[in-house]
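Presented below is the structure to which this report refers.
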Amino acid sequence: MRFKFDEKSLAEIEKVLEVKFAKRGNQFRAVLLNSEEHRKLSIEIYPEITIGEKEGSLVSIYTSNTHAQLHFCQGYVASEVLGEVTFFTEHQGRLSGIVVEKQAACSIFSNVDRSLLSGDFERLAPEVMLSGIALSLTEPLLDENNPSEDGNK
């Protein structure tokens, strides 16, 4: 079954990021503020939207300097311990993800080879290691949320 954001998943994300989503048409939007660090991040989640000729989930992130999107989001990992939510998708063995922190920060990883998630991180260059560690949280959900070869309907 293809992943789709629902009320339960949105509530879990709200809890970890300490925000409330506002529903606007077919999207859910929240704003994270970090006055101490002078940061503001907006997140928009579209549970079902047309992307080209297919339907899928879309996660958009806006900051004062960046606009990032994750098309065909296949799931998320919400970690209260880390205070962050990792949104991810996989296509042909390559992962992309956006990590949103409750402190209004985000990291983006794209086209990461899936084999990096469960390898020996100490054998990787530090620049490569970070993406493997960050996206390794998604590994248990990858096959569960990826019903077709490309993960799209």
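How things are named: the first chain in the structure tokens is A, the next is B, and so on; residues count from 1 in each chain; ligands count from 1 in the order shown.
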**OP:** Write out as a count of residues only which residues come within 12 Å of His38 of chain A when counting only C-alpha atoms, dropping same-chain ones fewer than 4 positions away.
**Re:** 8
**OP:** Extract, using only C-alpha atoms, all DNA, RNA and protein residues at most 6 Å from segment 67-82 of chain A, discarding same-chain residues fewer than 6 positions from it, and format them as a VMD selection string.
**Re:** chain A and resid 3 16 56 to 61 88 to 89 145
Can you write out the residues you just picked, keeping N, CA and C atoms, as a short mmCIF file (atom, residue, chain, number, x, y, z; two decimals), in the first residue's frame?
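Result written to again.cif:
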```
data_model
loop_
_atom_site.label_atom_id
_atom_site.label_comp_id
_atom_site.auth_asym_id
_atom_site.auth_seq_id
_atom_site.Cartn_x
_atom_site.Cartn_y
_atom_site.Cartn_z
N PHE A 3 2.17 4.94 0.74
CA PHE A 3 2.08 5.82 1.90
C PHE A 3 1.28 7.07 1.57
N VAL A 16 6.34 16.07 17.59
CA VAL A 16 7.80 16.11 17.58
C VAL A 16 8.32 17.51 17.27
N GLY A 56 0.78 11.79 -5.77
CA GLY A 56 1.68 11.45 -4.68
C GLY A 56 1.69 12.51 -3.61
N SER A 57 2.49 12.27 -2.59
CA SER A 57 2.66 13.22 -1.49
C SER A 57 3.81 14.17 -1.80
N LEU A 58 3.70 15.38 -1.32
CA LEU A 58 4.72 16.40 -1.54
C LEU A 58 5.01 17.10 -0.23
N VAL A 59 6.28 17.28 0.09
CA VAL A 59 6.69 18.04 1.27
C VAL A 59 7.51 19.22 0.77
N SER A 60 7.09 20.43 1.15
CA SER A 60 7.82 21.65 0.77
C SER A 60 8.34 22.32 2.03
N ILE A 61 9.57 22.83 1.93
CA ILE A 61 10.20 23.55 3.02
C ILE A 61 10.59 24.93 2.51
N PHE A 88 11.21 11.00 3.58
CA PHE A 88 12.07 10.32 2.63
C PHE A 88 11.31 9.75 1.44
N THR A 89 12.07 9.47 0.39
CA THR A 89 11.57 8.76 -0.77
C THR A 89 12.73 7.96 -1.35
N ASN A 145 6.99 0.87 2.71
CA ASN A 145 6.30 1.99 2.06
C ASN A 145 6.63 2.12 0.58
#
```
With only C-alpha atoms as the counted atoms, please give the residues lying no more than 7 Å from Val100 of chain A, apart from itself and same-chain residues fewer than 2 positions off, as an mmCIF file with N, CA and C atoms, in the first residue's frame.
```cif
data_model
loop_
_atom_site.group_PDB
_atom_site.id
_atom_site.type_symbol
_atom_site.label_atom_id
_atom_site.label_comp_id
_atom_site.auth_asym_id
_atom_site.auth_seq_id
_atom_site.Cartn_x
_atom_site.Cartn_y
_atom_site.Cartn_z
ATOM 1 N N GLU A 84 13.369 15.790 15.681
ATOM 2 C CA GLU A 84 13.360 16.001 14.241
ATOM 3 C C GLU A 84 12.491 14.972 13.543
ATOM 4 N N VAL A 85 12.084 15.341 12.336
ATOM 5 C CA VAL A 85 11.317 14.444 11.478
ATOM 6 C C VAL A 85 12.069 14.303 10.163
ATOM 7 N N THR A 86 12.261 13.060 9.735
ATOM 8 C CA THR A 86 12.931 12.773 8.472
ATOM 9 C C THR A 86 11.886 12.310 7.469
ATOM 10 N N ILE A 98 14.543 14.872 3.562
ATOM 11 C CA ILE A 98 14.632 16.180 4.201
ATOM 12 C C ILE A 98 14.439 15.947 5.696
ATOM 13 N N LYS A 102 13.015 20.649 15.112
ATOM 14 C CA LYS A 102 12.075 21.538 15.794
ATOM 15 C C LYS A 102 12.697 22.903 16.083
ATOM 16 N N ALA A 105 15.430 24.237 11.698
ATOM 17 C CA ALA A 105 16.551 23.971 10.799
ATOM 18 C C ALA A 105 16.188 22.763 9.943
ATOM 19 N N CYS A 106 16.877 22.621 8.821
ATOM 20 C CA CYS A 106 16.649 21.438 7.997
ATOM 21 C C CYS A 106 17.915 21.053 7.257
ATOM 22 N N SER A 107 17.972 19.782 6.896
ATOM 23 C CA SER A 107 19.061 19.244 6.091
ATOM 24 C C SER A 107 18.431 18.483 4.941
#
```
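Rounded to one decimal, atom CA of Arg94 of chain A and atom CA of Arg2 of chain A lie 17.8 Å from each other.
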Subject >> Distance in Å - atom CA of Asn26 of chain A versus atom CA of Ser110 of chain A >> reply: 25.8 Å
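Of the listed residues A:Val31, A:Val99, A:Glu18, A:Phe5, the one whose atoms come nearest to Ile45 of chain A is A:Phe5, with distances taken using only C-alpha atoms.
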**OP:** Please provide the set of residues having any atom within 12 Å of Ala11 of chain A, restricted to only C-alpha atoms, with same-chain residues fewer than 4 positions apart removed, written as a PyMOL selection string.
**Re:** chain A and resi 5-7+15-22+28+30+78
**OP:** Please measure the separation of atom CA of Lys23 of chain A and atom CA of Lys8 of chain A, giving the value in Å to one decimal.
**Re:** 14.4 Å
